[in-house]
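Below is the file coords_5.cif, which contains mmCIF, C-alpha atoms.
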data_data
loop_
_atom_site.label_atom_id
_atom_site.label_comp_id
_atom_site.auth_asym_id
_atom_site.auth_seq_id
_atom_site.Cartn_x
_atom_site.Cartn_y
_atom_site.Cartn_z
CA MET R 1 73.11 -4.31 -67.21
CA LYS R 2 75.04 -2.77 -64.33
CA LEU R 3 73.30 -1.20 -61.36
CA CYS R 4 75.09 1.91 -60.11
CA ILE R 5 74.58 4.89 -57.81
CA ARG R 6 76.02 8.37 -57.37
CA PRO R 7 78.41 8.23 -54.39
CA HIS R 8 77.34 11.66 -53.14
CA ASP R 9 73.86 10.23 -52.59
CA ILE R 10 75.46 7.91 -50.03
CA GLY R 11 77.78 10.43 -48.40
CA LYS R 12 79.74 13.62 -49.06
CA ASP R 13 83.22 14.65 -48.04
CA MET R 14 84.32 11.05 -47.57
CA SER R 15 87.25 9.00 -48.81
CA ALA R 16 86.85 6.73 -51.81
CA ASP R 17 87.50 3.76 -49.56
CA GLU R 18 84.72 4.79 -47.15
CA LEU R 19 82.28 5.32 -49.99
CA GLY R 20 83.34 2.11 -51.73
CA GLU R 21 82.74 0.12 -48.56
CA LYS R 22 79.22 1.52 -48.11
CA ILE R 23 78.28 1.13 -51.77
CA GLY R 24 79.76 -2.35 -52.02
CA ALA R 25 77.82 -3.44 -48.93
CA LEU R 26 74.61 -2.32 -50.62
CA GLY R 27 75.44 -4.54 -53.59
CA PHE R 28 75.76 -1.92 -56.33
CA ASP R 29 78.02 -2.83 -59.25
CA GLY R 30 79.48 0.63 -59.67
CA VAL R 31 79.15 4.38 -59.47
CA GLN R 32 78.62 7.50 -61.50
CA LEU R 33 81.31 9.49 -59.74
CA ALA R 34 81.23 13.28 -59.40
CA ILE R 35 84.54 13.67 -57.61
CA ALA R 36 84.04 17.17 -56.22
CA LYS R 37 80.68 16.22 -54.70
CA ALA R 38 81.86 13.06 -52.98
CA ILE R 39 85.60 12.73 -52.40
CA ARG R 40 87.13 14.47 -49.41
CA GLY R 41 89.83 16.97 -50.30
CA ASN R 42 89.52 16.71 -54.08
CA ASP R 43 87.67 19.22 -56.24
CA GLY R 44 88.07 17.16 -59.41
CA SER R 45 90.17 19.84 -61.11
CA PRO R 46 92.98 18.85 -63.48
CA GLU R 47 95.50 19.92 -60.86
CA ALA R 48 93.88 17.82 -58.12
CA LEU R 49 93.61 14.67 -60.22
CA THR R 50 97.26 13.71 -60.03
CA PRO R 51 98.22 10.13 -60.95
CA ASP R 52 98.43 9.26 -57.26
CA ALA R 53 95.02 10.77 -56.53
CA VAL R 54 93.43 8.89 -59.42
CA ARG R 55 94.98 5.60 -58.30
CA GLU R 56 93.81 6.16 -54.73
CA ILE R 57 90.25 6.93 -55.78
CA ARG R 58 90.04 3.96 -58.13
CA ALA R 59 91.52 1.58 -55.57
CA GLY R 60 89.17 2.86 -52.87
CA PHE R 61 86.13 1.77 -54.88
CA ASN R 62 87.58 -1.27 -56.65
CA SER R 63 88.83 -2.82 -53.40
CA HIS R 64 85.18 -3.23 -52.40
CA GLY R 65 84.09 -4.67 -55.74
CA VAL R 66 82.74 -1.34 -57.00
CA GLU R 67 83.54 -0.16 -60.52
CA ILE R 68 83.66 3.43 -61.82
CA PRO R 69 82.11 3.16 -65.31
CA VAL R 70 80.97 6.81 -65.39
CA LEU R 71 82.57 10.07 -64.32
CA GLY R 72 80.25 13.03 -63.77
CA ALA R 73 81.71 16.34 -64.92
CA TYR R 74 78.48 18.31 -65.20
CA PHE R 75 78.75 21.98 -66.15
CA ASN R 76 76.51 24.63 -67.67
CA PRO R 77 77.65 25.37 -71.25
CA VAL R 78 75.44 28.47 -71.55
CA HIS R 79 76.28 30.06 -68.21
CA SER R 80 76.51 33.85 -68.40
CA ASN R 81 79.90 33.70 -66.69
CA LYS R 82 82.05 32.49 -69.57
CA GLU R 83 84.96 31.80 -67.25
CA LYS R 84 82.78 29.15 -65.58
CA VAL R 85 82.09 27.66 -69.01
CA ARG R 86 85.79 27.62 -69.82
CA GLN R 87 86.66 25.96 -66.53
CA GLY R 88 83.85 23.44 -66.92
CA SER R 89 85.02 22.53 -70.41
CA ARG R 90 88.61 22.24 -69.21
CA LYS R 91 87.59 19.94 -66.36
CA PHE R 92 85.44 17.82 -68.68
CA ALA R 93 88.26 17.44 -71.20
CA ASP R 94 90.66 16.43 -68.41
CA HIS R 95 88.19 13.82 -67.17
CA LEU R 96 88.06 12.41 -70.70
CA LYS R 97 91.85 12.10 -70.79
CA LYS R 98 91.95 10.37 -67.40
CA ALA R 99 88.80 8.26 -67.74
CA ARG R 100 90.61 5.03 -68.52
CA ASP R 101 92.87 5.52 -65.48
CA PHE R 102 89.71 5.37 -63.36
CA GLY R 103 88.48 2.32 -65.26
CA ALA R 104 85.75 4.50 -66.75
CA THR R 105 84.52 4.69 -70.32
CA LEU R 106 82.03 7.57 -70.01
CA VAL R 107 82.14 11.19 -68.89
CA ALA R 108 78.70 12.75 -68.47
CA SER R 109 77.08 16.20 -68.42
CA GLU R 110 73.71 17.86 -68.88
CA THR R 111 73.21 20.65 -71.42
CA GLY R 112 72.60 23.71 -69.28
CA SER R 113 70.17 26.57 -68.78
CA TYR R 114 70.27 30.33 -69.19
CA ASN R 115 69.23 30.54 -65.52
CA ASP R 116 72.88 29.90 -64.69
CA ASP R 117 73.41 28.06 -61.41
CA LYS R 118 69.71 27.34 -60.91
CA TRP R 119 69.57 24.99 -63.93
CA THR R 120 65.83 25.70 -64.27
CA TYR R 121 63.48 26.44 -67.17
CA ASN R 122 64.09 29.58 -69.19
CA PRO R 123 62.19 30.15 -72.46
CA LYS R 124 65.49 31.04 -74.13
CA ASN R 125 66.64 27.45 -73.52
CA GLN R 126 64.26 26.25 -76.22
CA THR R 127 65.68 28.38 -79.04
CA ASP R 128 68.07 27.82 -81.91
CA GLU R 129 70.45 30.25 -80.24
CA ALA R 130 70.62 27.97 -77.21
CA PHE R 131 71.05 24.88 -79.36
CA ASN R 132 73.87 26.42 -81.35
CA GLU R 133 75.66 27.64 -78.23
CA VAL R 134 75.54 24.19 -76.66
CA VAL R 135 76.84 22.65 -79.88
CA SER R 136 79.72 25.13 -79.98
CA VAL R 137 80.82 24.06 -76.49
CA PHE R 138 80.34 20.31 -76.80
CA ALA R 139 81.61 19.75 -80.35
CA PRO R 140 85.27 20.22 -79.30
CA LEU R 141 84.68 17.92 -76.32
CA ALA R 142 83.25 15.26 -78.63
CA GLN R 143 86.48 15.44 -80.61
CA ALA R 144 88.49 15.31 -77.39
CA ALA R 145 86.57 12.18 -76.38
CA LYS R 146 87.52 10.49 -79.64
CA GLU R 147 91.17 11.41 -79.22
CA ALA R 148 91.19 10.18 -75.61
CA GLY R 149 89.53 6.86 -76.37
CA ALA R 150 86.67 7.78 -74.05
CA LEU R 151 82.97 8.56 -74.52
CA LEU R 152 81.04 11.79 -73.89
CA SER R 153 77.53 11.13 -72.57
CA ALA R 154 74.98 13.95 -72.95
CA GLU R 155 71.82 14.15 -70.85
CA GLY R 156 68.75 16.07 -71.97
CA ALA R 157 66.02 17.64 -69.83
CA TRP R 158 62.83 19.55 -70.60
CA HIS R 159 64.04 22.58 -68.60
CA HIS R 160 67.49 22.57 -70.24
CA CYS R 161 68.74 23.48 -73.71
CA ILE R 162 68.42 19.97 -75.13
CA TYR R 163 64.85 19.61 -73.98
CA SER R 164 63.36 16.64 -75.85
CA PRO R 165 64.39 13.37 -77.50
CA GLU R 166 64.03 15.06 -80.87
CA GLN R 167 66.45 17.83 -79.86
CA MET R 168 68.87 15.23 -78.52
CA ALA R 169 68.80 13.43 -81.88
CA ARG R 170 69.50 16.75 -83.60
CA PHE R 171 72.33 17.44 -81.15
CA LEU R 172 73.90 14.05 -81.87
CA ARG R 173 73.82 14.72 -85.60
CA GLU R 174 75.74 17.94 -85.03
CA ILE R 175 78.49 16.78 -82.66
CA ASP R 176 78.92 13.02 -82.94
CA THR R 177 82.46 11.91 -83.66
CA GLY R 178 81.74 8.27 -82.94
CA ALA R 179 82.56 8.96 -79.28
CA VAL R 180 79.23 10.44 -78.16
CA ARG R 181 76.59 8.60 -76.16
CA VAL R 182 73.34 9.50 -74.38
CA THR R 183 72.15 9.40 -70.79
CA VAL R 184 68.37 8.90 -70.77
CA ASP R 185 66.58 10.31 -67.75
CA VAL R 186 62.88 10.03 -68.54
CA LEU R 187 61.84 12.12 -65.54
CA ASN R 188 64.11 14.93 -66.75
CA TYR R 189 62.07 15.16 -69.96
CA LEU R 190 58.80 15.49 -68.04
CA TYR R 191 56.84 18.42 -66.66
CA ILE R 192 53.24 18.85 -65.58
CA GLY R 193 52.15 19.30 -69.20
CA ASN R 194 53.51 16.03 -70.58
CA TYR R 195 54.05 13.52 -67.76
CA GLU R 196 51.24 11.32 -69.06
CA GLN R 197 53.30 10.82 -72.22
CA ARG R 198 56.26 9.32 -70.34
CA ARG R 199 56.03 5.97 -72.14
CA ALA R 200 55.91 7.69 -75.52
CA ILE R 201 58.97 9.76 -74.57
CA PHE R 202 60.82 6.63 -73.46
CA ASP R 203 59.91 4.91 -76.73
CA LYS R 204 60.98 7.96 -78.74
CA CYS R 205 64.45 7.78 -77.17
CA LEU R 206 64.74 4.15 -78.25
CA GLU R 207 63.50 5.02 -81.72
CA LEU R 208 65.77 8.00 -82.34
CA PHE R 209 69.11 7.03 -80.81
CA LEU R 210 68.95 3.46 -79.55
CA ASP R 211 72.52 2.68 -80.59
CA LYS R 212 73.82 5.69 -78.64
CA ILE R 213 72.17 5.05 -75.27
CA ALA R 214 74.70 4.13 -72.58
CA ILE R 215 73.05 5.18 -69.30
CA PHE R 216 69.54 5.28 -67.82
CA HIS R 217 68.89 7.28 -64.67
CA ILE R 218 66.47 5.53 -62.37
CA LYS R 219 63.87 7.74 -60.64
CA ASP R 220 60.19 7.62 -59.77
CA PHE R 221 57.58 10.31 -59.12
CA VAL R 222 54.02 11.22 -58.23
CA VAL R 223 51.95 14.30 -59.03
CA GLN R 224 51.21 16.51 -56.02
CA ASP R 225 49.64 19.97 -56.11
CA GLY R 226 50.35 20.33 -59.80
CA LYS R 227 54.03 19.38 -59.48
CA LEU R 228 56.11 16.29 -60.19
CA VAL R 229 57.53 15.07 -56.88
CA GLU R 230 60.19 12.37 -56.64
CA VAL R 231 59.45 9.32 -54.50
CA GLY R 232 61.02 5.93 -53.91
CA ILE R 233 61.32 3.54 -56.84
CA GLY R 234 58.09 1.56 -57.18
CA LYS R 235 56.12 4.06 -55.10
CA GLY R 236 55.34 6.31 -58.05
CA ILE R 237 53.82 6.16 -61.50
CA MET R 238 56.90 6.05 -63.76
CA GLY R 239 56.37 2.43 -64.79
CA TRP R 240 59.72 0.71 -64.34
CA ASP R 241 58.02 -2.67 -64.50
CA THR R 242 57.32 -1.92 -68.17
CA PHE R 243 60.45 0.11 -68.96
CA LEU R 244 62.99 -2.32 -67.56
CA PRO R 245 62.15 -5.29 -69.85
CA GLU R 246 62.51 -2.95 -72.84
CA ILE R 247 65.89 -1.76 -71.61
CA LYS R 248 67.03 -5.35 -71.09
CA LYS R 249 65.88 -6.26 -74.58
CA ASN R 250 67.18 -3.23 -76.45
CA VAL R 251 70.15 -1.95 -74.39
CA PRO R 252 71.39 -5.05 -72.55
CA ASN R 253 74.70 -3.41 -71.58
CA ALA R 254 73.05 -0.30 -70.16
CA ILE R 255 74.37 1.33 -67.01
CA LEU R 256 71.45 1.93 -64.66
CA VAL R 257 72.13 4.73 -62.19
CA PHE R 258 70.11 5.48 -59.07
CA GLU R 259 70.08 9.28 -58.96
CA GLY R 260 68.91 10.98 -55.77
CA VAL R 261 66.62 8.05 -55.04
CA LYS R 262 64.30 8.37 -52.06
CA ASP R 263 63.86 5.51 -49.55
CA LEU R 264 67.01 3.85 -50.81
CA ASP R 265 66.72 0.47 -49.08
CA GLU R 266 63.12 -0.09 -50.15
CA SER R 267 63.80 1.25 -53.63
CA LEU R 268 66.79 -1.02 -54.07
CA ALA R 269 64.85 -4.09 -52.91
CA TYR R 270 61.99 -3.28 -55.30
CA PHE R 271 64.28 -2.66 -58.26
CA ARG R 272 66.34 -5.79 -57.64
CA THR R 273 63.14 -7.82 -57.62
CA LEU R 274 62.27 -6.35 -61.02
CA MET R 275 65.71 -7.18 -62.38
CA GLU R 276 65.46 -10.76 -61.14
CA THR R 277 62.26 -11.29 -63.12
CA LEU R 278 63.92 -10.43 -66.45
#
Could you write out this structure as structure tokens?
Amino acid sequence: MKLCIRPHDIGKDMSADELGEKIGALGFDGVQLAIAKAIRGNDGSPEALTPDAVREIRAGFNSHGVEIPVLGAYFNPVHSNKEKVRQGSRKFADHLKKARDFGATLVASETGSYNDDKWTYNPKNQTDEAFNEVVSVFAPLAQAAKEAGALLSAEGAWHHCIYSPEQMARFLREIDTGAVRVTVDVLNYLYIGNYEQRRAIFDKCLELFLDKIAIFHIKDFVVQDGKLVEVGIGKGIMGWDTFLPEIKKNVPNAILVFEGVKDLDESLAYFRTLMETL
């Protein structure tokens, strides 16, 4: 297992070398890199990712012992502005083509919401219309991943169009070209009505698409005033002490990504202690 972090959780509008130095000093193995959110002067567009720019970004991280196994190219496939969808698809496809130049194997995205840029719950998200629209956007990208020798990683969430492990399994059956993988973010699948079933949801992911799981997002939470509120790892009720041994056993090559983690130093110390007990 590799322990990674999103660079823009460390700093924004910085050089790859600056970010690599900070992340390497913390002891992370690698990053899930969303270029536009982290790298100074680069919006991650096909035009901006010239060969020189790619080499500079890769070297900036690698020179500090930090890999780039995952590129984040998140976009909303059901956005009402279809030009945004077209541009998002174009950027994603370009990331797939250039993934190996970064040393990456995976390019990741979530599956969108009809609330456009808010990415929040909309009842239309949980319809066959939504499912079919997401399939229509991602099926060509799954083919592009195969042709590029890269992997597309899809991430579900209760408030998005692929809202449950069962829907993710259905989605995989529709688009998989052999180059499709899954990012499992258990907290994403939770809301106030099902958070007590988090272990069952985790187990369902393993049951339905174990051989497709490439990434786990690491988060923790508590319940406050009827809402799920993120807290530092080990300070909440997620249950990483029980999840992590199962990940080690069933997905030993998983990429574990700290995503927006609170109290980073304490969270990292806690999680490392868990990993050392495996």
(message) Can you measure atom CA of R:Ile39 to atom CA of R:His8 for me? One decimal in Å is fine.
(response) 8.4 Å
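If you apply the PyMOL selection byres ((chain R and resi 230-244) around 6) to this structure, you end up with Asp220, Phe221, Val222, Val229, Pro245, Glu246, Ile247, Lys262, Asp263 and Ser267 of chain R.
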Evaluate the PyMOL selection byres ((chain R and resi 165-174) around 8) here and jot the selected residues down as an mmCIF file with C-alpha atoms, in the frame of the given file.
data_model
loop_
_atom_site.group_PDB
_atom_site.id
_atom_site.type_symbol
_atom_site.label_atom_id
_atom_site.label_comp_id
_atom_site.auth_asym_id
_atom_site.auth_seq_id
_atom_site.Cartn_x
_atom_site.Cartn_y
_atom_site.Cartn_z
ATOM 1 C CA PHE R 131 71.050 24.880 -79.360
ATOM 2 C CA VAL R 135 76.840 22.650 -79.880
ATOM 3 C CA ALA R 139 81.610 19.750 -80.350
ATOM 4 C CA GLY R 156 68.750 16.070 -71.970
ATOM 5 C CA ILE R 162 68.420 19.970 -75.130
ATOM 6 C CA TYR R 163 64.850 19.610 -73.980
ATOM 7 C CA SER R 164 63.360 16.640 -75.850
ATOM 8 C CA ILE R 175 78.490 16.780 -82.660
ATOM 9 C CA ASP R 176 78.920 13.020 -82.940
ATOM 10 C CA VAL R 180 79.230 10.440 -78.160
ATOM 11 C CA ILE R 201 58.970 9.760 -74.570
ATOM 12 C CA LYS R 204 60.980 7.960 -78.740
ATOM 13 C CA CYS R 205 64.450 7.780 -77.170
ATOM 14 C CA LEU R 208 65.770 8.000 -82.340
ATOM 15 C CA PHE R 209 69.110 7.030 -80.810
#
(request) Any chance you could resolve the PyMOL selection byres ((chain R and resi 150) around 7) against this file and give the residues as a list in words? (result) Leu96, Ala99, Thr105, Leu106, Ala145, Lys146, Ala148, Gly149, Leu151, Leu152 and Ala179 of chain R
(message) Let me make sure I understand: among R:Ala200, R:Met14, R:Ala254, R:Ile68, which one has the smallest atom-to-atom distance to R:Lys212 if we use only C-alpha atoms?
(response) R:Ala254
Mind giving me the axis-aligned box for stretch 175-194 of chain R with 5 Å on every side, centre plus edges in Å to one decimal, as JSON?
{"center_x": 67.4, "center_y": 13.8, "center_z": -74.6, "size_x": 40.4, "size_y": 21.0, "size_z": 28.1}
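Distances from R:Ala154, R:Lys118, R:Lys91, R:Phe258 to R:Ile23 were compared using all atoms listed in the file, and the smallest one belongs to R:Phe258.
Candidate residues R:Ala48, R:Met1, R:Val134, R:Ala108 were compared for distance to R:Ile255, and the nearest is R:Met1, using all atoms listed in the file.
Distance annotation: of R:Gln143, R:His79, R:Gly88, R:Phe202, the residue with the minimal separation from R:Asn115 is R:His79; atom set is all atoms listed in the file.
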(request) Identify the residues around (67.2, -1.8, -54.0) within a radius of 12 Å, measuring from all atoms listed in the file in the coordinates stated by the file, and give them as JSON, numbers by chain. (result) {"R": [3, 4, 5, 23, 25, 26, 27, 28, 218, 232, 233, 234, 257, 258, 261, 262, 263, 264, 265, 266, 267, 268, 269, 270, 271, 272, 273, 274, 275, 276]}
Quick one: write out the picked residues with C-alpha atoms as a compact mmCIF listing (two decimals), in the frame of the given file?
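Ended up saving to part07.txt:
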# COMPACT_ATOMS: atom_id res chain seq x y z
CA LEU R 3 73.30 -1.20 -61.36
CA CYS R 4 75.09 1.91 -60.11
CA ILE R 5 74.58 4.89 -57.81
CA ILE R 23 78.28 1.13 -51.77
CA ALA R 25 77.82 -3.44 -48.93
CA LEU R 26 74.61 -2.32 -50.62
CA GLY R 27 75.44 -4.54 -53.59
CA PHE R 28 75.76 -1.92 -56.33
CA ILE R 218 66.47 5.53 -62.37
CA GLY R 232 61.02 5.93 -53.91
CA ILE R 233 61.32 3.54 -56.84
CA GLY R 234 58.09 1.56 -57.18
CA VAL R 257 72.13 4.73 -62.19
CA PHE R 258 70.11 5.48 -59.07
CA VAL R 261 66.62 8.05 -55.04
CA LYS R 262 64.30 8.37 -52.06
CA ASP R 263 63.86 5.51 -49.55
CA LEU R 264 67.01 3.85 -50.81
CA ASP R 265 66.72 0.47 -49.08
CA GLU R 266 63.12 -0.09 -50.15
CA SER R 267 63.80 1.25 -53.63
CA LEU R 268 66.79 -1.02 -54.07
CA ALA R 269 64.85 -4.09 -52.91
CA TYR R 270 61.99 -3.28 -55.30
CA PHE R 271 64.28 -2.66 -58.26
CA ARG R 272 66.34 -5.79 -57.64
CA THR R 273 63.14 -7.82 -57.62
CA LEU R 274 62.27 -6.35 -61.02
CA MET R 275 65.71 -7.18 -62.38
CA GLU R 276 65.46 -10.76 -61.14
(request) State, in Å with one decimal place, the distance from atom CA of R:Pro46 to atom CA of R:Ala73. (result) 11.6 Å
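Picture a line from atom CA of R:Asp52 to atom CA of R:Pro140; it runs 27.9 Å.
In terms of minimum interatomic distance to R:Val31, R:Asn62 ranks closest within R:Ser15, R:Ser45, R:Asn62, R:Gln126, counting all atoms listed in the file.
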Any idea what's packed within 8 Å of R:Leu210, counting all atoms listed in the file, ignoring anything in its chain fewer than 4 positions away? Could you give it as a compact mmCIF listing (two decimals) with C-alpha atoms, in the frame of the given file?
# COMPACT_ATOMS: atom_id res chain seq x y z
CA CYS R 205 64.45 7.78 -77.17
CA LEU R 206 64.74 4.15 -78.25
CA ASN R 250 67.18 -3.23 -76.45
CA VAL R 251 70.15 -1.95 -74.39
(message) Measuring between all atoms listed in the file, which one of R:Leu278, R:Ala34, R:Ala16, R:Ile192 shows the shortest distance to R:Leu228?
(response) R:Ile192
Could you list as an mmCIF file with C-alpha atoms, in the coordinates of the input every residue that has an atom within 9 Å of (81.1, 16.4, -52.9), using the file's coordinates and counting only C-alpha atoms?
data_model
loop_
_atom_site.group_PDB
_atom_site.id
_atom_site.type_symbol
_atom_site.label_atom_id
_atom_site.label_comp_id
_atom_site.auth_asym_id
_atom_site.auth_seq_id
_atom_site.Cartn_x
_atom_site.Cartn_y
_atom_site.Cartn_z
ATOM 1 C CA PRO R 7 78.410 8.230 -54.390
ATOM 2 C CA HIS R 8 77.340 11.660 -53.140
ATOM 3 C CA GLY R 11 77.780 10.430 -48.400
ATOM 4 C CA LYS R 12 79.740 13.620 -49.060
ATOM 5 C CA ASP R 13 83.220 14.650 -48.040
ATOM 6 C CA MET R 14 84.320 11.050 -47.570
ATOM 7 C CA ALA R 34 81.230 13.280 -59.400
ATOM 8 C CA ILE R 35 84.540 13.670 -57.610
ATOM 9 C CA ALA R 36 84.040 17.170 -56.220
ATOM 10 C CA LYS R 37 80.680 16.220 -54.700
ATOM 11 C CA ALA R 38 81.860 13.060 -52.980
ATOM 12 C CA ILE R 39 85.600 12.730 -52.400
ATOM 13 C CA ARG R 40 87.130 14.470 -49.410
ATOM 14 C CA ASN R 42 89.520 16.710 -54.080
ATOM 15 C CA ASP R 43 87.670 19.220 -56.240
#
Residues within 9 Å of R:Glu21, please, as a CSV table (one decimal) with C-alpha atoms, keeping the file's coordinate frame. Count all atoms listed in the file; anything in the same chain fewer than 3 positions from it doesn't count.
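The file below, part-v1.csv, is the result:
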chain,number,residue,atom,x,y,z
R,16,ALA,CA,86.8,6.7,-51.8
R,17,ASP,CA,87.5,3.8,-49.6
R,18,GLU,CA,84.7,4.8,-47.2
R,24,GLY,CA,79.8,-2.4,-52.0
R,25,ALA,CA,77.8,-3.4,-48.9
R,26,LEU,CA,74.6,-2.3,-50.6
R,60,GLY,CA,89.2,2.9,-52.9
R,61,PHE,CA,86.1,1.8,-54.9
R,63,SER,CA,88.8,-2.8,-53.4
R,64,HIS,CA,85.2,-3.2,-52.4
R,65,GLY,CA,84.1,-4.7,-55.7
R,66,VAL,CA,82.7,-1.3,-57.0
What would stretch 247-258 of chain R look like with N, CA and C atoms restored, written as a PDB file, keeping the file's coordinate frame?
ATOM      1  N   ILE R 247      64.464  -2.078 -71.704  1.00  0.00           N
ATOM      2  CA  ILE R 247      65.890  -1.760 -71.610  1.00  0.00           C
ATOM      3  C   ILE R 247      66.713  -3.026 -71.739  1.00  0.00           C
ATOM      4  N   LYS R 248      66.314  -4.080 -71.020  1.00  0.00           N
ATOM      5  CA  LYS R 248      67.030  -5.350 -71.090  1.00  0.00           C
ATOM      6  C   LYS R 248      67.074  -5.885 -72.511  1.00  0.00           C
ATOM      7  N   LYS R 249      65.981  -5.761 -73.217  1.00  0.00           N
ATOM      8  CA  LYS R 249      65.880  -6.260 -74.580  1.00  0.00           C
ATOM      9  C   LYS R 249      66.695  -5.433 -75.565  1.00  0.00           C
ATOM     10  N   ASN R 250      66.623  -4.115 -75.435  1.00  0.00           N
ATOM     11  CA  ASN R 250      67.180  -3.230 -76.450  1.00  0.00           C
ATOM     12  C   ASN R 250      68.561  -2.664 -76.113  1.00  0.00           C
ATOM     13  N   VAL R 251      68.857  -2.507 -74.820  1.00  0.00           N
ATOM     14  CA  VAL R 251      70.150  -1.950 -74.390  1.00  0.00           C
ATOM     15  C   VAL R 251      70.707  -2.847 -73.281  1.00  0.00           C
ATOM     16  N   PRO R 252      71.041  -4.086 -73.598  1.00  0.00           N
ATOM     17  CA  PRO R 252      71.390  -5.050 -72.550  1.00  0.00           C
ATOM     18  C   PRO R 252      72.636  -4.693 -71.750  1.00  0.00           C
ATOM     19  N   ASN R 253      73.494  -3.837 -72.297  1.00  0.00           N
ATOM     20  CA  ASN R 253      74.700  -3.410 -71.580  1.00  0.00           C
ATOM     21  C   ASN R 253      74.538  -2.052 -70.914  1.00  0.00           C
ATOM     22  N   ALA R 254      73.302  -1.620 -70.731  1.00  0.00           N
ATOM     23  CA  ALA R 254      73.050  -0.300 -70.160  1.00  0.00           C
ATOM     24  C   ALA R 254      73.569  -0.205 -68.730  1.00  0.00           C
ATOM     25  N   ILE R 255      74.009   1.000 -68.385  1.00  0.00           N
ATOM     26  CA  ILE R 255      74.370   1.330 -67.010  1.00  0.00           C
ATOM     27  C   ILE R 255      73.162   2.010 -66.379  1.00  0.00           C
ATOM     28  N   LEU R 256      72.630   1.411 -65.339  1.00  0.00           N
ATOM     29  CA  LEU R 256      71.450   1.930 -64.660  1.00  0.00           C
ATOM     30  C   LEU R 256      71.910   2.638 -63.396  1.00  0.00           C
ATOM     31  N   VAL R 257      71.607   3.920 -63.292  1.00  0.00           N
ATOM     32  CA  VAL R 257      72.130   4.730 -62.190  1.00  0.00           C
ATOM     33  C   VAL R 257      70.992   5.253 -61.320  1.00  0.00           C
ATOM     34  N   PHE R 258      70.991   4.848 -60.050  1.00  0.00           N
ATOM     35  CA  PHE R 258      70.110   5.480 -59.070  1.00  0.00           C
ATOM     36  C   PHE R 258      70.596   6.911 -58.862  1.00  0.00           C
TER      37      PHE R 258
END
